[in-house]
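Enquirer: Dumping the structure here so I can ask a few things about it.
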Amino acid sequence: MGFSMGLNLVLLLAMVATNILSLYHLSSTLQSPKPPTQQPVPDHLLHQLNTIRATISHLTRHQPPSVTPSPTTTKPSIPQDLLLYSHLSSIASACHNHPDLLHKYMTYTPYSLCPLDSDLLAESLILHGCHPLPRRRCFSKTPPKPPSSLPHNPFPSSFLDSNVIWNKYPSCKSFSCLAKQSPGLGFDLNTEISKFMTYKTELDLPIPQLLQVAKSANSVIRLGIDIGGATGTFAARMKQYNVTVVTTTMNFNVPNNEVVAMRGLVPLHVPLQQRLPVFDGVVDLVRCAHAVNRWIPLTMMEFLFYDVDRVLRGGGYLWFDHFFSRRMDLSKVFGPLIGKLGYKKVKWAVGNKTDSSGLKNEEVYLTALLQKPVSK
């Protein structure tokens with residue numbers, strides 16, 4: 001109310017000033033004894049008039065629309081902890097594009113248990129670009145009986161259901177249900193145990209072959225990042241070769257992060273658009289899993305590739321594992337985009353994607369192993 005009244009007063013004063021200047025110019029013209037020839041407006045008056053008009057135009061554009069408040073509707077209040085945190089740290093600009101989700105996420109009772117839907121709200125905000133999320137002052141619920149130690153074998157006979165809070169996952173309440181309902185997503189250990197160890201087509205790159213390639217090039221693989229690594233099977237297998245790999249993964253209504261942690265590995269709950277939380281030039285290997293594919297906007301993908309280059313050391317490896325796209329796009333778009341990095345092609349294999357989507361859209365898989373030049 002105060003802002004609107006003040007703005008109206010400024011507009012009124014500006015209009016009065018415009019009229020006074022106009023009358024001044026008119027009166028000076030009428031008092032002249034010379035014939036009524038049109039005289040040019042002095043430059044200083046033109047400058048003042050233009051300044052006033054520009055001010056009026058600017059204020060009018062920025063004036064908030066006058067809305068008569070309805071007695072039945074009230075403006076939603078901003079959660080107090082969101083206001084408090086905004087004074088301590090900046091909040092990602094994308095968060096402001098989804099105020100309903102953000103307000104719901106930050107609406108809680110401080111110093112008590114966080115709401116049950118916190119994880120779903122957090123992931124939804126992250127996937128919309130609201131990352132990093134604002135911190136909160138509530139207690140996250142954890143499983144009642146956490147494991148007493150990390151497992152020695154990242155491929156146990158089964159995952160313990162008691163290590164997951166199943167209330168947040170609507171489709172299944174056990175790992176046996178997930179293995180049957182979502183085959184291929186990483187919960188069937190009988191299938192996972194053979195991954196990255198067998199060679200069936202040119203698109204496969206078994207870990208022993210990967211390590212041999214590095215050894216032949218007088219290189220070494222000690223630290224790695226698995227982008228979009230689901231339940232962490234690649235990191236689990238590399239652990240058995242004394243290689244430490246951290247896994248970036250989102251849950252998508254299944255307990256991916258929980259399973260990675262159950263295996264004694266480190267899950268990073270970050271989306272593809274988030275800058276990798278790793279220092280420059282310290283990683284030997286980055287694997288781009290199925291999450292990196294043609295559905296990612298091209299500009300976002302280019303930023304992702306150069307962020308990978310940032311964390312890779314000279315001589316490190318970038319592995320595209322079954323990257324899929326349309327055949328034409330691979331040759332005209334994605335191939336040249338990857339080529340901009342200037343990496344050495346150690347392996348470059350293309351094969352048909354034979355599922356229904358692949359046949360319909362003429363899609364292909366690309367498996368490529370690229371080595372970053374040491375000079376970079």
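Following the order of the structure tokens, chains are lettered A, B, ..., residues in each are numbered from 1, and ligands are numbered from 1.
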Tell me which protein, DNA and RNA residues are within 12 Å of A:His98, counting only C-alpha atoms, leaving out same-chain ones fewer than 3 positions away, and put them as a list in words.

Expert: Ala92, Ser93, Ala94, Cys95, Leu101, Leu102, His103, Lys104, Tyr105, Leu121, Ser124, Leu125, Ile126, Leu127, His128, Gly129 and Cys130 of chain A

Enquirer: Please dump the current selection as a compact mmCIF listing (two decimals), in the first residue's frame; keep all heavy atoms.

Expert:
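Now in selection.txt:
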```
# COMPACT_ATOMS: atom_id res chain seq x y z
N ALA A 92 19.65 -20.66 -4.78
CA ALA A 92 19.74 -20.80 -6.23
C ALA A 92 18.57 -20.09 -6.92
O ALA A 92 17.43 -20.18 -6.46
CB ALA A 92 19.78 -22.27 -6.61
N SER A 93 18.88 -19.39 -8.01
CA SER A 93 17.83 -18.61 -8.69
C SER A 93 16.70 -19.50 -9.19
O SER A 93 15.54 -19.09 -9.21
CB SER A 93 18.45 -17.85 -9.86
OG SER A 93 19.06 -18.73 -10.78
N ALA A 94 17.02 -20.75 -9.59
CA ALA A 94 15.97 -21.64 -10.08
C ALA A 94 14.97 -22.00 -8.99
O ALA A 94 13.83 -22.37 -9.30
CB ALA A 94 16.60 -22.92 -10.66
N CYS A 95 15.37 -21.90 -7.74
CA CYS A 95 14.44 -22.19 -6.65
C CYS A 95 13.25 -21.24 -6.67
O CYS A 95 12.12 -21.63 -6.34
CB CYS A 95 15.14 -22.10 -5.30
SG CYS A 95 16.49 -23.29 -5.07
N LEU A 101 6.77 -25.45 -4.39
CA LEU A 101 7.59 -26.57 -3.92
C LEU A 101 8.57 -26.11 -2.85
O LEU A 101 8.76 -26.79 -1.83
CB LEU A 101 8.36 -27.18 -5.09
CG LEU A 101 7.62 -28.13 -6.03
CD1 LEU A 101 8.52 -28.54 -7.19
CD2 LEU A 101 7.15 -29.37 -5.28
N LEU A 102 9.20 -24.95 -3.08
CA LEU A 102 10.19 -24.45 -2.13
C LEU A 102 9.56 -24.14 -0.78
O LEU A 102 10.11 -24.49 0.27
CB LEU A 102 10.87 -23.21 -2.71
CG LEU A 102 11.96 -22.57 -1.85
CD1 LEU A 102 13.11 -23.54 -1.63
CD2 LEU A 102 12.46 -21.28 -2.49
N HIS A 103 8.40 -23.49 -0.80
CA HIS A 103 7.73 -23.15 0.46
C HIS A 103 7.29 -24.41 1.20
O HIS A 103 7.40 -24.50 2.43
CB HIS A 103 6.52 -22.25 0.19
CG HIS A 103 6.91 -20.87 -0.21
ND1 HIS A 103 5.99 -19.85 -0.35
CD2 HIS A 103 8.11 -20.32 -0.50
CE1 HIS A 103 6.62 -18.75 -0.70
NE2 HIS A 103 7.90 -19.00 -0.82
N LYS A 104 6.82 -25.39 0.45
CA LYS A 104 6.40 -26.65 1.09
C LYS A 104 7.59 -27.36 1.70
O LYS A 104 7.51 -27.92 2.80
CB LYS A 104 5.70 -27.55 0.07
CG LYS A 104 5.04 -28.77 0.68
CD LYS A 104 4.22 -29.54 -0.35
CE LYS A 104 3.53 -30.74 0.31
NZ LYS A 104 2.75 -31.53 -0.70
N TYR A 105 8.71 -27.35 0.99
CA TYR A 105 9.92 -28.00 1.51
C TYR A 105 10.43 -27.32 2.77
O TYR A 105 10.92 -27.99 3.70
CB TYR A 105 11.01 -27.97 0.43
CG TYR A 105 12.34 -28.52 0.86
CD1 TYR A 105 12.53 -29.89 1.02
CD2 TYR A 105 13.42 -27.67 1.09
CE1 TYR A 105 13.76 -30.40 1.42
CE2 TYR A 105 14.66 -28.17 1.49
CZ TYR A 105 14.81 -29.53 1.64
OH TYR A 105 16.04 -30.03 2.04
N LEU A 121 10.20 -34.09 -2.04
CA LEU A 121 10.22 -32.67 -2.36
C LEU A 121 11.63 -32.22 -2.72
O LEU A 121 11.82 -31.45 -3.68
CB LEU A 121 9.71 -31.86 -1.17
CG LEU A 121 8.21 -31.90 -0.90
CD1 LEU A 121 7.90 -31.23 0.43
CD2 LEU A 121 7.45 -31.20 -2.02
N SER A 124 12.54 -33.43 -6.21
CA SER A 124 11.79 -32.69 -7.22
C SER A 124 12.38 -31.30 -7.43
O SER A 124 12.53 -30.84 -8.58
CB SER A 124 10.32 -32.58 -6.79
OG SER A 124 9.56 -31.89 -7.75
N LEU A 125 12.75 -30.64 -6.36
CA LEU A 125 13.38 -29.32 -6.48
C LEU A 125 14.74 -29.41 -7.18
O LEU A 125 15.07 -28.59 -8.05
CB LEU A 125 13.56 -28.69 -5.10
CG LEU A 125 12.31 -28.06 -4.48
CD1 LEU A 125 12.54 -27.79 -3.00
CD2 LEU A 125 11.93 -26.78 -5.20
N ILE A 126 15.53 -30.43 -6.81
CA ILE A 126 16.85 -30.60 -7.42
C ILE A 126 16.73 -30.82 -8.92
O ILE A 126 17.47 -30.23 -9.72
CB ILE A 126 17.59 -31.78 -6.76
CG1 ILE A 126 18.00 -31.41 -5.33
CG2 ILE A 126 18.83 -32.16 -7.56
CD1 ILE A 126 18.55 -32.57 -4.53
N LEU A 127 15.78 -31.64 -9.33
CA LEU A 127 15.60 -31.94 -10.75
C LEU A 127 15.10 -30.72 -11.52
O LEU A 127 15.25 -30.65 -12.75
CB LEU A 127 14.64 -33.11 -10.93
CG LEU A 127 15.16 -34.47 -10.46
CD1 LEU A 127 14.06 -35.53 -10.52
CD2 LEU A 127 16.35 -34.90 -11.31
N HIS A 128 14.50 -29.75 -10.82
CA HIS A 128 14.07 -28.51 -11.45
C HIS A 128 15.17 -27.45 -11.41
O HIS A 128 14.93 -26.29 -11.74
CB HIS A 128 12.82 -27.97 -10.76
CG HIS A 128 11.55 -28.66 -11.18
ND1 HIS A 128 11.02 -29.73 -10.48
CD2 HIS A 128 10.71 -28.45 -12.23
CE1 HIS A 128 9.92 -30.14 -11.08
NE2 HIS A 128 9.70 -29.38 -12.13
N GLY A 129 16.37 -27.84 -11.00
CA GLY A 129 17.49 -26.90 -11.00
C GLY A 129 17.71 -26.17 -9.70
O GLY A 129 18.64 -25.36 -9.60
N CYS A 130 16.88 -26.42 -8.70
CA CYS A 130 17.02 -25.77 -7.39
C CYS A 130 18.07 -26.52 -6.59
O CYS A 130 17.75 -27.41 -5.79
CB CYS A 130 15.67 -25.74 -6.66
SG CYS A 130 15.73 -25.00 -5.02
```

Enquirer: Fewer than 5 positions away in the same chain doesn't count, so skip those; otherwise give me all residues within 10 Å of A:Ser89, counting only C-alpha atoms, as a PyMOL selection string.

Expert: chain A and resi 84+134-135

Enquirer: Write the residues of the selection above to a file with N, CA, C and O atoms, as an mmCIF file, in the first residue's frame.

Expert:
```
data_model
loop_
_atom_site.group_PDB
_atom_site.id
_atom_site.type_symbol
_atom_site.label_atom_id
_atom_site.label_comp_id
_atom_site.auth_asym_id
_atom_site.auth_seq_id
_atom_site.Cartn_x
_atom_site.Cartn_y
_atom_site.Cartn_z
ATOM 1 N N LEU A 84 15.007 -16.814 7.200
ATOM 2 C CA LEU A 84 16.208 -16.810 8.034
ATOM 3 C C LEU A 84 17.415 -17.286 7.249
ATOM 4 O O LEU A 84 18.492 -16.671 7.277
ATOM 5 N N PRO A 134 18.312 -25.112 0.179
ATOM 6 C CA PRO A 134 18.526 -24.450 1.466
ATOM 7 C C PRO A 134 18.640 -25.480 2.596
ATOM 8 O O PRO A 134 18.006 -26.544 2.547
ATOM 9 N N ARG A 135 19.458 -25.179 3.550
ATOM 10 C CA ARG A 135 19.569 -26.059 4.719
ATOM 11 C C ARG A 135 18.345 -25.891 5.617
ATOM 12 O O ARG A 135 17.689 -24.846 5.604
#
```

Enquirer: Could you give me the residues within stretch 99-308 of chain A that DSSP places in helix (DSSP H, G or I), as number ranges by chain?

Expert: A: 99-105, 118-127, 161-163, 166-168, 175-181, 189-192, 207-216, 233-239, 256-262, 298-308
